[in-house]
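A short write-up of the structure that comes next.
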Amino acid sequence: MNTLLAAACLGLLSPPTAKDVMSRIDVEYVKSNNYKLSSFGTRHSLSDAAHPTRGIGAARNWIKAEFESYNASGDGEGLLQVMFEEFEPPVTGRVSKPTKFVNVVAVLPGTMPEAAGRRYYVVGHYDSMPTDVMDPNSDAPGANDDASGTTAVMAIARAMAKTPCESTIVFLCTAGEEQSLIGAKYHADQAAARKEDIRAVLSNDIVGDSMGPGGDPAKATPTLIRVFSESIPRNPSAERLQSIRTLAAESDSASRQLARYIAEVAEWESTVVKPMLVFRQDRFLRGGDHSAFNDVGFAAVRFTEVHEDYRHQHQTPRIEIVDGKEVQFGDLPEFVDHVYLANVAKLNAAALVHLANAPSVPGRVRVITAKLEYWTTLRWERSPEPDVAGYEVVWRETTSPVWQFSKDVGNVTEATIEESKDNYFFGVRAYDKDGYKSPVGFAGAARE
Ligand SMILES: [Zn+2]
């Protein structure tokens with residue numbers, strides 16, 4: 001263990017607040033990073049990986065070196081562990097030749113022994129594509145799709161690299177998203193096989209344009225970002241599906257609780273950009289890296305701007321005459337709103353700080369249904385972190401998208417709320433001595 005991490009673990013470095021981290025995310029850096037990522041000509045996954053300045057190899061070498069530079073400190077030490085994750089997928093579908101795919105991974109280890117095993121991810125894909133997804137040669141600057149997400153990941157890493165949180169944060173830049181989520185699938189499958197404890201994945205994909213539909217400035221949404229979350233998991237067991245049906249828990253997956261949590265953090269921290277929660281896994285006809293994590297059982301959400309501009313994504317840069325007017329096609333950095341992108345990064349950073357400093361979600365939260373009663377009794381298991389100070393019961397009407405009511409019940413594992421269990425959904429969350437709250441554990445039911 002190096003001395004910085006040792007100091008952090010001894011409590012000599014206190015974990016950062018969300019405000020600290022947000023204040024270190026700087027628009028000028030975001031802008032220069034986004035322009036730099038857009039300057040490699042193409043970042044197509046099948047492009048020439050050996051060229052020094054053009055193609056996906058040059059891009060990933062730069063990303064890795066940049067992550068490493070965040071570590072530079074007075075004594076040359078650093079906490080951020082930066083690595084390439086390399087693999088060669090089978091030649092099939094959107095991989096037309098033997099190709100090494102490389103994710104860039106930076107890990108900021110957590111400082112609390114009871115919490116460091118929990119991992120929180122922020123993800124962007126650094127590959128890009130022109131009009132033809134199989135064309136590795138044409139220009140594909142990919143400024144918004146997804147240099148914007150990659151920039152957000154990097155700007156957050158830069159803002160957090162010297163002040164770790166209690167839990168571990170992973171900054172992941174994937175390759176092969178456009179070739180069918182190849183990099184994210186590989187990483188998620190490996191993590192699942194290693195039984196890593198991934199509690200939340202924030203995937204940022206197309207997060208840089210605040211304009212309205214078709215670029216309309218009158219309908220711009222500079223203070224909103226969509227956050228997509230899945231409801232029912234992809235392949236639930238018959239037993240799990242039965243449980244979801246019995247509890248009416250179709251809107252209470254861990255990903256959905258994560259989405260609600262991000263919206264709460266936005267309120268607590270008064271972030272400029274707020275989430276617009278979309279209760280579906282993704283847009284029509286589209287996919288993204290978060291679903292690779294969902295598919296192996298991890299909670300994951302997708303951040304995407306409210307109105308995408310199809311002239312500026314998956315388009316080879318060119319000028320065309322449309323309805324008698326010159327139209328610039330192509331995913332160019334001049335169409336990215338870097339103030340907006342920095343604000344999206346700040347919202348992600350705030351959510352990560354809260355998640356990674358808060359206690360675990362309480363275990364086995366359940367409503368006791370042994371007999372017919374007017375009020376609602378809940379039980380749960382303690383969160384394992386030593387700084388847990390208490391628990392909060394939350395509830396909402398069955399038609400409400402978000403938690404509406406809460407009650408601090410103190411440091412206990414059972415509480416009774418004077419409301420009918422038939423009329424509301426219930427959950428419990430833990431809070432610590434600094435006031436950080438965990439996401440909500442949705443209450444199942446138990447006859448005990
Ligand atoms: Zn994308």
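So you can find residues: chains in the structure tokens are A, B, ... in the order shown, residues in each start at 1, and ligands are numbered from 1 in order.
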Subject >> Tyr436 in chain A surroundings by only C-alpha atoms, 12 Å radius, close-in-sequence under 3 positions cut, as number ranges by chain >> reply: A: 15, 17-18, 165-166, 261, 264-265, 268-269, 350-361, 387-392, 429-433, 439
Where does chain A meet ligand 1 within 10 Å, residue by residue, with the nearest atom pair and distance in Å to one decimal for each, counting only C-alpha atoms and all ligand atoms, listed by chain and rising number, as JSON lines?
{"residue": "A:Gly124", "atom": "CA", "partner": "ligand 1", "partner_atom_place_in_ligand_line": "1 (Zn)", "distance": 8.1}
{"residue": "A:His125", "atom": "CA", "partner": "ligand 1", "partner_atom_place_in_ligand_line": "1 (Zn)", "distance": 6.6}
{"residue": "A:Tyr126", "atom": "CA", "partner": "ligand 1", "partner_atom_place_in_ligand_line": "1 (Zn)", "distance": 8.6}
{"residue": "A:Asp127", "atom": "CA", "partner": "ligand 1", "partner_atom_place_in_ligand_line": "1 (Zn)", "distance": 8.3}
{"residue": "A:Ser128", "atom": "CA", "partner": "ligand 1", "partner_atom_place_in_ligand_line": "1 (Zn)", "distance": 7.6}
{"residue": "A:Met129", "atom": "CA", "partner": "ligand 1", "partner_atom_place_in_ligand_line": "1 (Zn)", "distance": 9.2}
{"residue": "A:Gly142", "atom": "CA", "partner": "ligand 1", "partner_atom_place_in_ligand_line": "1 (Zn)", "distance": 8.6}
{"residue": "A:Asn144", "atom": "CA", "partner": "ligand 1", "partner_atom_place_in_ligand_line": "1 (Zn)", "distance": 8.1}
{"residue": "A:Asp145", "atom": "CA", "partner": "ligand 1", "partner_atom_place_in_ligand_line": "1 (Zn)", "distance": 4.6}
{"residue": "A:Asp146", "atom": "CA", "partner": "ligand 1", "partner_atom_place_in_ligand_line": "1 (Zn)", "distance": 5.1}
{"residue": "A:Ala147", "atom": "CA", "partner": "ligand 1", "partner_atom_place_in_ligand_line": "1 (Zn)", "distance": 8.8}
{"residue": "A:Ser148", "atom": "CA", "partner": "ligand 1", "partner_atom_place_in_ligand_line": "1 (Zn)", "distance": 9.4}
{"residue": "A:Gly149", "atom": "CA", "partner": "ligand 1", "partner_atom_place_in_ligand_line": "1 (Zn)", "distance": 8.4}
{"residue": "A:Gly176", "atom": "CA", "partner": "ligand 1", "partner_atom_place_in_ligand_line": "1 (Zn)", "distance": 9.9}
{"residue": "A:Glu177", "atom": "CA", "partner": "ligand 1", "partner_atom_place_in_ligand_line": "1 (Zn)", "distance": 6.7}
{"residue": "A:Glu178", "atom": "CA", "partner": "ligand 1", "partner_atom_place_in_ligand_line": "1 (Zn)", "distance": 6.7}
{"residue": "A:Leu181", "atom": "CA", "partner": "ligand 1", "partner_atom_place_in_ligand_line": "1 (Zn)", "distance": 9.4}
{"residue": "A:Ser203", "atom": "CA", "partner": "ligand 1", "partner_atom_place_in_ligand_line": "1 (Zn)", "distance": 9.9}
{"residue": "A:Asn204", "atom": "CA", "partner": "ligand 1", "partner_atom_place_in_ligand_line": "1 (Zn)", "distance": 8.4}
{"residue": "A:Asp205", "atom": "CA", "partner": "ligand 1", "partner_atom_place_in_ligand_line": "1 (Zn)", "distance": 4.9}
{"residue": "A:Ile206", "atom": "CA", "partner": "ligand 1", "partner_atom_place_in_ligand_line": "1 (Zn)", "distance": 6.0}
{"residue": "A:Val207", "atom": "CA", "partner": "ligand 1", "partner_atom_place_in_ligand_line": "1 (Zn)", "distance": 9.5}
{"residue": "A:Arg286", "atom": "CA", "partner": "ligand 1", "partner_atom_place_in_ligand_line": "1 (Zn)", "distance": 9.1}
{"residue": "A:Gly287", "atom": "CA", "partner": "ligand 1", "partner_atom_place_in_ligand_line": "1 (Zn)", "distance": 8.1}
{"residue": "A:Gly288", "atom": "CA", "partner": "ligand 1", "partner_atom_place_in_ligand_line": "1 (Zn)", "distance": 6.5}
{"residue": "A:Asp289", "atom": "CA", "partner": "ligand 1", "partner_atom_place_in_ligand_line": "1 (Zn)", "distance": 8.3}
{"residue": "A:Thr304", "atom": "CA", "partner": "ligand 1", "partner_atom_place_in_ligand_line": "1 (Zn)", "distance": 9.3}
{"residue": "A:Gln313", "atom": "CA", "partner": "ligand 1", "partner_atom_place_in_ligand_line": "1 (Zn)", "distance": 8.6}
{"residue": "A:His314", "atom": "CA", "partner": "ligand 1", "partner_atom_place_in_ligand_line": "1 (Zn)", "distance": 8.9}
**OP:** Pull the strand (DSSP E) assignments for range 100-224 of chain A out of DSSP run on the backbone, and list those residues as a ChimeraX atom specification.
**Re:** /A:101-108,118-125,168-174,197-204,224
Can you spit out the residues from that selection as a tab-separated table (two decimals), in the first residue's frame, using N, CA and C atoms?
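That gives us result-v7.tsv:
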chain	number	residue	atom	x	y	z
A	101	PHE	N	-9.09	-5.76	-28.74
A	101	PHE	CA	-9.93	-4.72	-28.15
A	101	PHE	C	-9.33	-4.36	-26.80
A	102	VAL	N	-9.36	-3.08	-26.48
A	102	VAL	CA	-8.70	-2.62	-25.25
A	102	VAL	C	-9.60	-1.62	-24.51
A	103	ASN	N	-10.00	-1.97	-23.30
A	103	ASN	CA	-10.67	-1.00	-22.42
A	103	ASN	C	-9.59	-0.29	-21.60
A	104	VAL	N	-9.84	0.96	-21.26
A	104	VAL	CA	-8.93	1.66	-20.35
A	104	VAL	C	-9.65	1.75	-18.99
A	105	VAL	N	-8.97	1.24	-17.96
A	105	VAL	CA	-9.59	1.13	-16.64
A	105	VAL	C	-8.73	1.88	-15.62
A	106	ALA	N	-9.37	2.70	-14.81
A	106	ALA	CA	-8.66	3.35	-13.70
A	106	ALA	C	-9.47	3.09	-12.43
A	107	VAL	N	-8.78	2.58	-11.41
A	107	VAL	CA	-9.46	2.18	-10.17
A	107	VAL	C	-8.95	3.07	-9.03
A	108	LEU	N	-9.89	3.66	-8.30
A	108	LEU	CA	-9.55	4.45	-7.11
A	108	LEU	C	-10.03	3.65	-5.90
A	118	ARG	N	-17.04	-2.73	-2.16
A	118	ARG	CA	-18.12	-2.22	-3.03
A	118	ARG	C	-17.52	-1.36	-4.13
A	119	ARG	N	-18.00	-1.57	-5.35
A	119	ARG	CA	-17.42	-0.84	-6.48
A	119	ARG	C	-18.50	-0.05	-7.20
A	120	TYR	N	-18.20	1.20	-7.47
A	120	TYR	CA	-19.11	2.10	-8.18
A	120	TYR	C	-18.43	2.55	-9.47
A	121	TYR	N	-19.15	2.40	-10.59
A	121	TYR	CA	-18.55	2.65	-11.90
A	121	TYR	C	-19.10	3.91	-12.55
A	122	VAL	N	-18.22	4.59	-13.25
A	122	VAL	CA	-18.67	5.58	-14.22
A	122	VAL	C	-18.02	5.20	-15.56
A	123	VAL	N	-18.83	5.16	-16.60
A	123	VAL	CA	-18.44	4.53	-17.86
A	123	VAL	C	-18.72	5.45	-19.05
A	124	GLY	N	-17.80	5.44	-20.02
A	124	GLY	CA	-18.05	6.05	-21.33
A	124	GLY	C	-17.37	5.19	-22.37
A	125	HIS	N	-17.87	5.16	-23.59
A	125	HIS	CA	-17.15	4.38	-24.62
A	125	HIS	C	-16.33	5.33	-25.48
A	168	THR	N	-14.81	1.78	-3.41
A	168	THR	CA	-13.95	1.86	-4.59
A	168	THR	C	-14.71	2.43	-5.78
A	169	ILE	N	-14.05	3.30	-6.50
A	169	ILE	CA	-14.66	3.87	-7.72
A	169	ILE	C	-13.85	3.41	-8.92
A	170	VAL	N	-14.55	2.97	-9.95
A	170	VAL	CA	-13.89	2.50	-11.18
A	170	VAL	C	-14.28	3.42	-12.33
A	171	PHE	N	-13.27	3.93	-13.01
A	171	PHE	CA	-13.46	4.78	-14.19
A	171	PHE	C	-13.16	3.91	-15.40
A	172	LEU	N	-14.17	3.68	-16.23
A	172	LEU	CA	-14.03	2.71	-17.32
A	172	LEU	C	-14.32	3.37	-18.66
A	173	CYS	N	-13.33	3.30	-19.56
A	173	CYS	CA	-13.53	3.77	-20.94
A	173	CYS	C	-13.49	2.53	-21.82
A	174	THR	N	-14.63	2.21	-22.42
A	174	THR	CA	-14.73	0.95	-23.17
A	174	THR	C	-14.45	1.16	-24.65
A	197	ASP	N	-18.16	-7.06	-6.45
A	197	ASP	CA	-19.36	-6.49	-5.81
A	197	ASP	C	-19.66	-5.12	-6.43
A	198	ILE	N	-20.14	-5.14	-7.68
A	198	ILE	CA	-20.46	-3.88	-8.37
A	198	ILE	C	-21.87	-3.47	-7.96
A	199	ARG	N	-21.98	-2.32	-7.31
A	199	ARG	CA	-23.28	-1.88	-6.80
A	199	ARG	C	-23.99	-0.90	-7.72
A	200	ALA	N	-23.24	-0.19	-8.55
A	200	ALA	CA	-23.88	0.80	-9.42
A	200	ALA	C	-22.97	1.12	-10.60
A	201	VAL	N	-23.58	1.27	-11.76
A	201	VAL	CA	-22.84	1.64	-12.97
A	201	VAL	C	-23.57	2.85	-13.59
A	202	LEU	N	-22.82	3.94	-13.74
A	202	LEU	CA	-23.37	5.14	-14.39
A	202	LEU	C	-22.73	5.23	-15.77
A	203	SER	N	-23.49	4.86	-16.80
A	203	SER	CA	-22.94	4.91	-18.15
A	203	SER	C	-23.36	6.21	-18.82
A	204	ASN	N	-22.38	6.93	-19.33
A	204	ASN	CA	-22.64	8.22	-19.98
A	204	ASN	C	-22.39	8.07	-21.47
A	224	LEU	N	-31.23	19.49	-17.98
A	224	LEU	CA	-31.83	18.15	-17.88
A	224	LEU	C	-30.97	17.11	-18.59
**OP:** Can you work out the spacing between CA of Arg260 in chain A and CA of Glu414 in chain A in Å, to one decimal?
**Re:**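 It comes out at 23.8 Å.
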Original post:
So which bits of range 137-334 of chain A end up helix (DSSP H, G or I) when you DSSP the backbone, as a ChimeraX atom specification?
Top reply: /A:147-160,182-193,213-215,217-219,238-247,254-268,289-295,310-312,333-334
Original post:
Do you have the CA of Pro136 in chain A-CA of Ser96 in chain A distance handy?
Top reply: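 Answer for the CA of Pro136 in chain A to CA of Ser96 in chain A separation: 10.6 Å.
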Subject >> Distance criterion (only C-alpha atoms): nearest to Ser383 in chain A out of A:Leu258, A:Ala345, A:Val412, A:Ala159 >> reply: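 Among the listed residues, the smallest separation from Ser383 in chain A belongs to A:Val412.
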Original post:
Hey, what's within 10 Å of Ser243 in chain A if we count only C-alpha atoms and toss same-chain stuff fewer than 6 positions away? As a PyMOL selection string, please?
Top reply: chain A and resi 237+249-250+444-445
Create the file for the chosen residues now, containing all heavy atoms and written as an mmCIF file, in the first residue's frame.
data_model
loop_
_atom_site.group_PDB
_atom_site.id
_atom_site.type_symbol
_atom_site.label_atom_id
_atom_site.label_comp_id
_atom_site.auth_asym_id
_atom_site.auth_seq_id
_atom_site.Cartn_x
_atom_site.Cartn_y
_atom_site.Cartn_z
ATOM 1 N N SER A 237 -35.381 -15.720 -13.012
ATOM 2 C CA SER A 237 -35.835 -17.094 -12.776
ATOM 3 C C SER A 237 -37.352 -17.052 -12.582
ATOM 4 O O SER A 237 -37.923 -15.997 -12.295
ATOM 5 C CB SER A 237 -35.166 -17.642 -11.518
ATOM 6 O OG SER A 237 -35.592 -16.891 -10.400
ATOM 7 N N ALA A 249 -43.487 -5.430 -7.843
ATOM 8 C CA ALA A 249 -42.189 -4.750 -7.763
ATOM 9 C C ALA A 249 -41.591 -4.470 -9.139
ATOM 10 O O ALA A 249 -40.383 -4.333 -9.269
ATOM 11 C CB ALA A 249 -41.217 -5.597 -6.942
ATOM 12 N N GLU A 250 -42.445 -4.359 -10.162
ATOM 13 C CA GLU A 250 -41.888 -4.183 -11.510
ATOM 14 C C GLU A 250 -41.191 -2.835 -11.695
ATOM 15 O O GLU A 250 -40.428 -2.667 -12.631
ATOM 16 C CB GLU A 250 -42.953 -4.428 -12.587
ATOM 17 C CG GLU A 250 -44.217 -3.617 -12.480
ATOM 18 C CD GLU A 250 -45.294 -4.245 -11.596
ATOM 19 O OE1 GLU A 250 -45.001 -5.173 -10.822
ATOM 20 O OE2 GLU A 250 -46.438 -3.783 -11.665
ATOM 21 N N GLY A 444 -39.449 -6.454 0.502
ATOM 22 C CA GLY A 444 -40.204 -7.633 0.127
ATOM 23 C C GLY A 444 -41.248 -7.913 1.199
ATOM 24 O O GLY A 444 -41.646 -7.004 1.944
ATOM 25 N N ALA A 445 -41.666 -9.150 1.295
ATOM 26 C CA ALA A 445 -42.670 -9.501 2.305
ATOM 27 C C ALA A 445 -42.258 -10.805 2.945
ATOM 28 O O ALA A 445 -41.665 -11.676 2.293
ATOM 29 C CB ALA A 445 -44.038 -9.641 1.649
#
**OP:** Could you give me, as a count of residues only, the residues within 8 Å of Glu114 in chain A, counting only C-alpha atoms and dropping anything in the same chain fewer than 4 positions from it?
**Re:** 3
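Atom pair CA of Pro113 in chain A / CA of Arg158 in chain A: separated by 23.8 Å.
Surrounding range 394-408 of chain A within 8 Å are Arg260, Asn423, Tyr424, Phe425, Phe426, Gly427, Val428, Arg429 and Val440 of chain A, with only C-alpha atoms counted and residues fewer than 5 positions along the same chain left out.
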Original post:
Which one is closest to Asn33 in chain A: A:Lys195, A:Glu66, A:Thr111, A:Arg318? Count only C-alpha atoms.
Top reply: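 The closest residue to Asn33 in chain A is A:Glu66.
Nearest residue to Gly330 in chain A, choosing from A:Asp139, A:Asp216, A:Glu305, A:Glu419 and counting only C-alpha atoms: A:Asp139.
Residue nearest Ala299 in chain A, chosen from A:Val322, A:Lys274, A:Gln315, A:Gln257 and counting only C-alpha atoms: A:Gln257.
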**OP:** Name all residues at most 12 Å from Ile225 in chain A (count only C-alpha atoms; drop same-chain ones fewer than 6 positions away) and give them as a ChimeraX atom specification.
**Re:** /A:204-211,259,262-263,266,271-278,302-308,340-341,343-348
Test item: residues at most 12 Å from Arg240 in chain A, only C-alpha atoms, excluding those fewer than 5 positions along its chain, as a compact mmCIF listing (two decimals) with N, CA and C atoms, in the first residue's frame:
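Listing of around04.txt after writing:
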# COMPACT_ATOMS: atom_id res chain seq x y z
N ILE A 232 -37.74 -4.92 -15.20
CA ILE A 232 -37.59 -6.34 -14.91
C ILE A 232 -36.29 -6.84 -15.53
N PRO A 233 -35.49 -7.62 -14.78
CA PRO A 233 -34.22 -8.07 -15.34
C PRO A 233 -34.41 -8.95 -16.57
N ARG A 234 -33.33 -9.12 -17.31
CA ARG A 234 -33.42 -9.77 -18.62
C ARG A 234 -33.90 -11.20 -18.54
N ASN A 235 -33.27 -12.00 -17.68
CA ASN A 235 -33.64 -13.42 -17.60
C ASN A 235 -33.97 -13.81 -16.17
N ARG A 245 -44.06 -10.27 -9.35
CA ARG A 245 -45.50 -10.18 -9.61
C ARG A 245 -46.27 -10.05 -8.29
N THR A 246 -45.91 -10.86 -7.31
CA THR A 246 -46.61 -10.84 -6.02
C THR A 246 -46.45 -9.50 -5.32
N LEU A 247 -45.22 -8.97 -5.37
CA LEU A 247 -44.95 -7.70 -4.67
C LEU A 247 -45.34 -6.48 -5.50
N ALA A 248 -45.70 -6.70 -6.77
CA ALA A 248 -45.90 -5.59 -7.72
C ALA A 248 -44.63 -4.74 -7.80
N ALA A 249 -43.49 -5.43 -7.84
CA ALA A 249 -42.19 -4.75 -7.76
C ALA A 249 -41.59 -4.47 -9.14
N GLU A 250 -42.45 -4.36 -10.16
CA GLU A 250 -41.89 -4.18 -11.51
C GLU A 250 -41.19 -2.83 -11.70
N SER A 253 -36.55 -2.40 -9.37
CA SER A 253 -35.26 -3.06 -9.54
C SER A 253 -34.17 -2.22 -8.88
N GLY A 444 -39.45 -6.45 0.50
CA GLY A 444 -40.20 -7.63 0.13
C GLY A 444 -41.25 -7.91 1.20
